[in-house]
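Student: Sharing a structure here in structure tokens format.
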Amino acid sequence: MITATTPAQPRQDVPTSSFPEERLAGYGERPPQVIIAGRRLSPTVVFDTYWTFAAARQGIYEARIAGLPGPWTQDPILSAHRFTNCYRAADRVSQYLITHVSYGGDQSIEEVFFRTLLFKIFNKISTWELLTASLGTPTWKTYSFDRYNTVLSEAFARKQRLYSAAYVVPPPSLGEERKHSNHLRLLEMLMRTGVPLQVRDVNSMQAAFQLLRGYPAIGDFLAYQYLIDLNYSAAYDYGEMEFVVPGPGARDGIRKCFGVAATGIEADIIRYMADHQDEHFQRLGLRFRGLRGRPLQLIDCQNLFCEVDKYARVAHPDVAGLSGRTRIKQRFQAVTDAVPAWFPPKWGINGSSPAWS
């Protein structure tokens with residue numbers, strides 16, 4: 001259990017000009033010990049940075065949604081580098097998926113599954129728009145391997161990037177020469193073996209994960225990510241607090257927050273963060289109002305560990321993770337476009353104006 005409840009005081013040896021108000025609270029005495037999965041853990045300073053980063057990053061999102069002019073933070077790291085939102089569903093690609101793919105077309109379970117996996121295999125908006133411009137809204141009912149493969153192969157020949165660089169999508173070996181062709185074969189396999197209905201009919205999110213996990217080139221990370229994306233739709237209705245799978249980036253962030261003692265209990269740690277978020281925001285004197293009142297879910301806490309891993313490479317270069325990476329590759333570039341903010345209706349958080357306005 002935590003042993004401190006009052007906000008920490010800023011460390012005197014850290015130049016306060018380097019950090020915004022949201023982060024100052026995270027620099028005090030060593031964070032209190034916590035007990036997770038029966039282990040007593042002594043968090044590093046990165047543990048408090050996890051919470052201060054979340055408050056600062058969500059503050060940027062809220063400012064952008066409100067239409068306020070930048071800069072939205074004085075933090076030099078947040079100003080210089082690109083970080084995803086605290087809430088996975090608020091990110092640009094997820095917003096596109098929800099508005100244009102999940103709810104943009106035939107709502108039968110087979111078609112929702114087909115569109116979602118077709119989009120997420122490539123995870124790139126321009127690839128989806130290439131397909132829709134050439135073929136119309138993709139449907140399983142009218143799907144043809146030759147037609148889809150021709151569109152993608154011609155784009156590949158033009159040296160158009162088909163896959164997002166957000167994470168590695170390994171190619172299945174299903175008899176085709178090109179990665180994208182094998183992925184189309186994988187999608188065919190999923191559809192023809194009845195996976196859309198099977199994912200709906202199993203009795204738990206973990207069972208659905210195991211089902212997807214059993215197909216070629218769909219490892220733990222992708223199976224969980226695909227399941228979260230399917231679950232945005234009205235066709236599936238698992239709770240996001242049911243089950244979590246820590247990805248490689250999250251494991252890196254967890255190691256930085258808790259050290260080697262966290263090995264083997266990473267999923268329990270993510271659940272602890274979700275269950276105790278209010279406790280720690282209050283302890284540090286941080287304002288965090290959630291996503292229109294929706295608290296961080298397991299998937300969001302998992303993603304935050306990935307982002308804090310990156311942030312700590314600059315903020316805490318002396319704290320070791322697993323990968324040994326020392327730089328943040330992606331630079332921040334201001335975008336003037338309006339920020340979309342429409343979420344699965346079943347969450348009950350859509351409205352004419354944000355709850356924080």
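Ligands are numbered from 1 in the order shown, residues from 1 within each chain, and chains are lettered A, B, ... in the order they appear in the structure tokens.
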Enumerate, as number ranges by chain, the complete set of residues in stretch 85-279 of chain A that a backbone-based DSSP assignment places in alpha helix (DSSP H).
Tutor: A: 92-96, 109-122, 125-135, 145-157, 179-192, 195-201, 205-213, 220-231, 248-258, 266-275, 277-279
Student: With a distance cut-off of 12 Å and only C-alpha atoms, select the neighbouring residues of A:Val202, excluding the residue or stretch itself and same-chain residues fewer than 6 positions from it, and output the selection as number ranges by chain.
Tutor: A: 195-196, 208-212, 236-238
Student: Keeping only N, CA, C and O atoms, write the selected residues to a file as a short mmCIF file (atom, residue, chain, number, x, y, z; two decimals), in the first residue's frame.
Tutor:
data_model
loop_
_atom_site.label_atom_id
_atom_site.label_comp_id
_atom_site.auth_asym_id
_atom_site.auth_seq_id
_atom_site.Cartn_x
_atom_site.Cartn_y
_atom_site.Cartn_z
N VAL A 195 -13.98 -16.72 -37.71
CA VAL A 195 -13.45 -16.01 -36.53
C VAL A 195 -14.33 -14.84 -36.08
O VAL A 195 -14.47 -14.61 -34.87
N PRO A 196 -14.94 -14.06 -36.99
CA PRO A 196 -15.76 -12.95 -36.50
C PRO A 196 -16.81 -13.36 -35.48
O PRO A 196 -16.94 -12.72 -34.42
N ALA A 208 -11.07 -14.64 -26.31
CA ALA A 208 -11.05 -14.05 -27.64
C ALA A 208 -9.61 -13.76 -28.07
O ALA A 208 -9.23 -13.97 -29.24
N PHE A 209 -8.80 -13.31 -27.15
CA PHE A 209 -7.39 -13.07 -27.41
C PHE A 209 -6.69 -14.36 -27.83
O PHE A 209 -5.94 -14.39 -28.81
N GLN A 210 -6.93 -15.43 -27.11
CA GLN A 210 -6.30 -16.71 -27.43
C GLN A 210 -6.74 -17.21 -28.80
O GLN A 210 -5.94 -17.83 -29.53
N LEU A 211 -7.96 -16.93 -29.17
CA LEU A 211 -8.46 -17.33 -30.48
C LEU A 211 -7.68 -16.62 -31.59
O LEU A 211 -7.18 -17.26 -32.53
N LEU A 212 -7.55 -15.31 -31.49
CA LEU A 212 -6.79 -14.56 -32.49
C LEU A 212 -5.32 -14.96 -32.47
O LEU A 212 -4.68 -15.05 -33.52
N TYR A 236 -18.94 -5.89 -30.91
CA TYR A 236 -18.31 -6.59 -29.79
C TYR A 236 -18.46 -5.74 -28.53
O TYR A 236 -18.52 -4.51 -28.61
N ASP A 237 -18.52 -6.40 -27.39
CA ASP A 237 -18.81 -5.64 -26.17
C ASP A 237 -18.07 -6.18 -24.96
O ASP A 237 -18.66 -6.43 -23.92
N TYR A 238 -16.78 -6.35 -25.09
CA TYR A 238 -15.96 -6.69 -23.93
C TYR A 238 -15.60 -5.42 -23.18
O TYR A 238 -15.47 -4.35 -23.78
#
Student: Pick from A:Ile36, A:Ile65, A:Cys306, A:Ile218: nearest to A:Ala250, with only C-alpha atoms counted?
Tutor: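 Of all the options, A:Cys306 lies closest to A:Ala250.
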Student: Do you know which residues are at most 8 Å from A:Val314 counting only C-alpha atoms, after dropping those on the same chain fewer than 5 positions away, and could you put them as a count of residues only?
Tutor: 4
Student: Mind checking which residues fall within 9 Å of A:Glu240, counting only C-alpha atoms, ignoring those fewer than 5 positions away in the same chain, and posting them as a PyMOL selection string?
Tutor: chain A and resi 205+228+231+297-299
Student: Would you mind exporting the chosen residues as an mmCIF file, in the first residue's frame, restricted to C-alpha atoms?
Tutor:
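Contents of the output file result-v8.cif:
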data_model
loop_
_atom_site.group_PDB
_atom_site.id
_atom_site.type_symbol
_atom_site.label_atom_id
_atom_site.label_comp_id
_atom_site.auth_asym_id
_atom_site.auth_seq_id
_atom_site.Cartn_x
_atom_site.Cartn_y
_atom_site.Cartn_z
ATOM 1 C CA MET A 205 -11.836 -11.194 -23.589
ATOM 2 C CA ILE A 228 -9.149 -3.630 -28.643
ATOM 3 C CA ASN A 231 -14.106 -3.819 -29.385
ATOM 4 C CA GLN A 297 -8.535 1.865 -18.819
ATOM 5 C CA LEU A 298 -6.052 -1.028 -18.878
ATOM 6 C CA ILE A 299 -5.153 -0.395 -22.519
#
Student: Rank A:Ala55, A:Pro170, A:Asp220, A:Met191 by their smallest atom-to-atom distance to A:Gln206, using only C-alpha atoms, and report the top residue only.
Tutor: A:Asp220
Student: In Å to one decimal, how far is atom CA of A:Pro345 from atom CA of A:Ser204?
Tutor: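 Atom CA of A:Pro345 lies at a distance of 21.5 Å from atom CA of A:Ser204.
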Student: Can you list, as a list in words, every protein, DNA or RNA residue that comes within 12 Å of A:Val93 when you count only C-alpha atoms, leaving out same-chain residues fewer than 3 positions away?
Tutor: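 That gives Thr84, Asn85, Arg88, Ala89, Ala90, Tyr96, Leu97, Ile98, Thr99, His100, Val101, Phe119, Lys120, Phe122, Asn123, Lys124, Ile125, Ser126, Thr127, Trp128, Ser164, Ala166, Asp229, Val339, Pro340 and Ala341 of chain A.
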Student: Could you write out the selected residues, including N, CA and C atoms, as a tab-separated table (two decimals), in the first residue's frame?
Tutor:
chain	number	residue	atom	x	y	z
A	84	THR	N	1.97	9.89	-28.03
A	84	THR	CA	0.55	9.60	-28.25
A	84	THR	C	-0.27	10.13	-27.08
A	85	ASN	N	-1.57	10.22	-27.29
A	85	ASN	CA	-2.47	10.67	-26.23
A	85	ASN	C	-2.50	9.66	-25.09
A	88	ARG	N	-5.86	5.81	-25.80
A	88	ARG	CA	-5.59	5.23	-27.13
A	88	ARG	C	-6.65	5.63	-28.14
A	89	ALA	N	-7.92	5.63	-27.70
A	89	ALA	CA	-9.01	5.92	-28.63
A	89	ALA	C	-9.00	7.36	-29.11
A	90	ALA	N	-8.25	8.24	-28.44
A	90	ALA	CA	-8.20	9.65	-28.84
A	90	ALA	C	-7.16	9.92	-29.91
A	96	TYR	N	-9.78	7.79	-36.63
A	96	TYR	CA	-10.16	7.48	-38.01
A	96	TYR	C	-10.83	6.11	-38.06
A	97	LEU	N	-10.25	5.14	-37.37
A	97	LEU	CA	-10.83	3.80	-37.34
A	97	LEU	C	-12.26	3.84	-36.82
A	98	ILE	N	-12.47	4.52	-35.70
A	98	ILE	CA	-13.79	4.54	-35.08
A	98	ILE	C	-14.81	5.21	-35.99
A	99	THR	N	-14.47	6.37	-36.54
A	99	THR	CA	-15.45	7.15	-37.30
A	99	THR	C	-15.64	6.67	-38.73
A	100	HIS	N	-14.56	6.21	-39.38
A	100	HIS	CA	-14.65	5.86	-40.79
A	100	HIS	C	-14.74	4.36	-41.06
A	101	VAL	N	-14.26	3.56	-40.12
A	101	VAL	CA	-14.19	2.12	-40.36
A	101	VAL	C	-15.18	1.35	-39.48
A	119	PHE	N	-8.11	-2.68	-42.09
A	119	PHE	CA	-7.51	-1.40	-41.74
A	119	PHE	C	-6.31	-1.58	-40.81
A	120	LYS	N	-6.47	-2.41	-39.77
A	120	LYS	CA	-5.45	-2.50	-38.72
A	120	LYS	C	-4.22	-3.29	-39.14
A	122	PHE	N	-2.64	-2.93	-41.79
A	122	PHE	CA	-1.73	-1.92	-42.34
A	122	PHE	C	-1.60	-0.73	-41.38
A	123	ASN	N	-2.66	-0.44	-40.65
A	123	ASN	CA	-2.66	0.59	-39.62
A	123	ASN	C	-2.26	1.95	-40.19
A	124	LYS	N	-2.63	2.19	-41.43
A	124	LYS	CA	-2.21	3.41	-42.11
A	124	LYS	C	-3.40	3.99	-42.88
A	125	ILE	N	-3.75	5.21	-42.57
A	125	ILE	CA	-4.92	5.84	-43.16
A	125	ILE	C	-4.80	5.92	-44.68
A	126	SER	N	-3.62	6.26	-45.17
A	126	SER	CA	-3.46	6.41	-46.62
A	126	SER	C	-3.68	5.09	-47.36
A	127	THR	N	-3.36	3.96	-46.74
A	127	THR	CA	-3.60	2.66	-47.37
A	127	THR	C	-5.09	2.37	-47.44
A	128	TRP	N	-5.81	2.67	-46.37
A	128	TRP	CA	-7.26	2.50	-46.38
A	128	TRP	C	-7.89	3.39	-47.46
A	164	SER	N	2.07	1.20	-41.45
A	164	SER	CA	2.48	2.20	-40.46
A	164	SER	C	3.79	1.76	-39.81
A	166	ALA	N	4.29	2.48	-36.71
A	166	ALA	CA	4.00	2.54	-35.27
A	166	ALA	C	4.47	1.30	-34.53
A	229	ASP	N	-9.26	-2.94	-30.97
A	229	ASP	CA	-9.85	-2.23	-32.11
A	229	ASP	C	-11.21	-2.80	-32.50
A	339	VAL	N	-9.04	18.71	-34.11
A	339	VAL	CA	-8.81	17.42	-33.48
A	339	VAL	C	-10.15	16.69	-33.34
A	340	PRO	N	-10.33	15.54	-34.01
A	340	PRO	CA	-11.59	14.81	-33.86
A	340	PRO	C	-11.71	14.21	-32.47
A	341	ALA	N	-12.92	14.12	-31.98
A	341	ALA	CA	-13.14	13.56	-30.64
A	341	ALA	C	-14.52	12.91	-30.59
Student: Restricting the calculation to only C-alpha atoms, which member of A:Leu135, A:Ala234, A:Ala261, A:Ala80 is positioned closest to A:Leu41?
Tutor: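 Using only C-alpha atoms, A:Leu41 sits closest to A:Ala261.
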Student: At a cut-off of 9 Å, using only C-alpha atoms, what residues contact A:Arg271? Leave out same-chain residues fewer than 5 positions from it and give the result as an mmCIF file with C-alpha atoms, in the first residue's frame.
Tutor:
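Output saved as selection.cif:
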data_model
loop_
_atom_site.group_PDB
_atom_site.id
_atom_site.type_symbol
_atom_site.label_atom_id
_atom_site.label_comp_id
_atom_site.auth_asym_id
_atom_site.auth_seq_id
_atom_site.Cartn_x
_atom_site.Cartn_y
_atom_site.Cartn_z
ATOM 1 C CA MET A 241 -10.921 -3.531 -17.798
ATOM 2 C CA PHE A 243 -7.780 -8.167 -19.620
ATOM 3 C CA VAL A 244 -4.439 -6.643 -20.623
ATOM 4 C CA GLU A 266 3.738 -6.658 -15.645
ATOM 5 C CA HIS A 276 -5.174 3.285 -8.154
ATOM 6 C CA GLN A 297 -8.535 1.865 -18.819
ATOM 7 C CA LEU A 298 -6.052 -1.028 -18.878
ATOM 8 C CA CYS A 301 -2.278 2.499 -18.753
ATOM 9 C CA GLN A 302 -0.418 -0.014 -20.924
#
Student: Rounded to one decimal, what separation in Å do you get between atom CA of A:Thr52 and atom CA of A:Leu286?
Tutor: 7.1 Å
Student: In Å, how far is it from atom CA of A:Tyr50 to atom CA of A:Gln95?
Tutor: 24.0 Å
Student: Nearest to A:Tyr232: which of A:Phe258, A:Tyr311, A:Trp342, A:Tyr61 is it, counting only C-alpha atoms?
Tutor: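 Closest candidate: A:Trp342.
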